[in-house]
Amino acid sequence: MRKINIKLVLFRSKWTIASVLFLALIGFGGDGCLLERYYHWKEISRLTEELEFYKKKFDNDKKTLEKLKRNPEEIVKVARERYYMKTPDEDIFIIEDDNE
């Protein structure tokens with residue numbers, strides 16, 4: 001029959017329990033837990049995508065502004081397309097599509 005060293009088994013189980021508790025504390029408890037880090041990482045990713053979107057929009061608007069500064073015909077084009085402005089001798093008819 002094999003003799004089991006009880007002190008060794010208890011020592012190992014204490015360290016195993018302590019290790020499991022430590023990993024649980026790191027993973028799920030405290031301010032720097034892994035779940036919080038994951039949520040922060042997702043938020044950073046979302047904000048980075050949003051930042052890229054607004055950078056592209058800013059660059060587009062900057063190019064449009066430069067065109068408007070250089071060319072007066074562009075001002076007329078923007079006024080007609082966006083704000084439905086017209087010259088005094090013309091009429092504008094807006095046709096909307098009902099499918100949208």
# chains A, B, ... in the order shown; residues from 1 in each chain; ligands from 1
call {"tool": "select_by_dssp", "arguments": {"residues": "chain A", "states": "helix (DSSP H, G or I)", "output": "VMD selection string"}}
result
chain A and resid 6 to 28 34 to 70 72 to 83
call {"tool": "closest_atom_pairs", "arguments": {"of": "range 3-82 of chain A", "to": "range 87-99 of chain A", "cutoff": "12 Å", "atoms": "only C-alpha atoms", "output": "JSON lines"}}
result
{"residue": "A:Val76", "atom": "CA", "partner": "A:Thr87", "partner_atom": "CA", "distance": 9.9}
{"residue": "A:Lys77", "atom": "CA", "partner": "A:Thr87", "partner_atom": "CA", "distance": 11.9}
{"residue": "A:Ala79", "atom": "CA", "partner": "A:Thr87", "partner_atom": "CA", "distance": 10.6}
{"residue": "A:Arg80", "atom": "CA", "partner": "A:Thr87", "partner_atom": "CA", "distance": 9.3}
{"residue": "A:Glu81", "atom": "CA", "partner": "A:Ile94", "partner_atom": "CA", "distance": 11.0}
call {"tool": "atom_distance", "arguments": {"atom1": "CA of Lys42 in chain A", "atom2": "CA of Ser19 in chain A"}}
result
28.5 Å
call {"tool": "atom_distance", "arguments": {"atom1": "CA of Gly27 in chain A", "atom2": "CA of His40 in chain A"}}
result
14.4 Å
call {"tool": "atom_distance", "arguments": {"atom1": "CA of Arg37 in chain A", "atom2": "CA of Leu25 in chain A"}}
result
13.8 Å
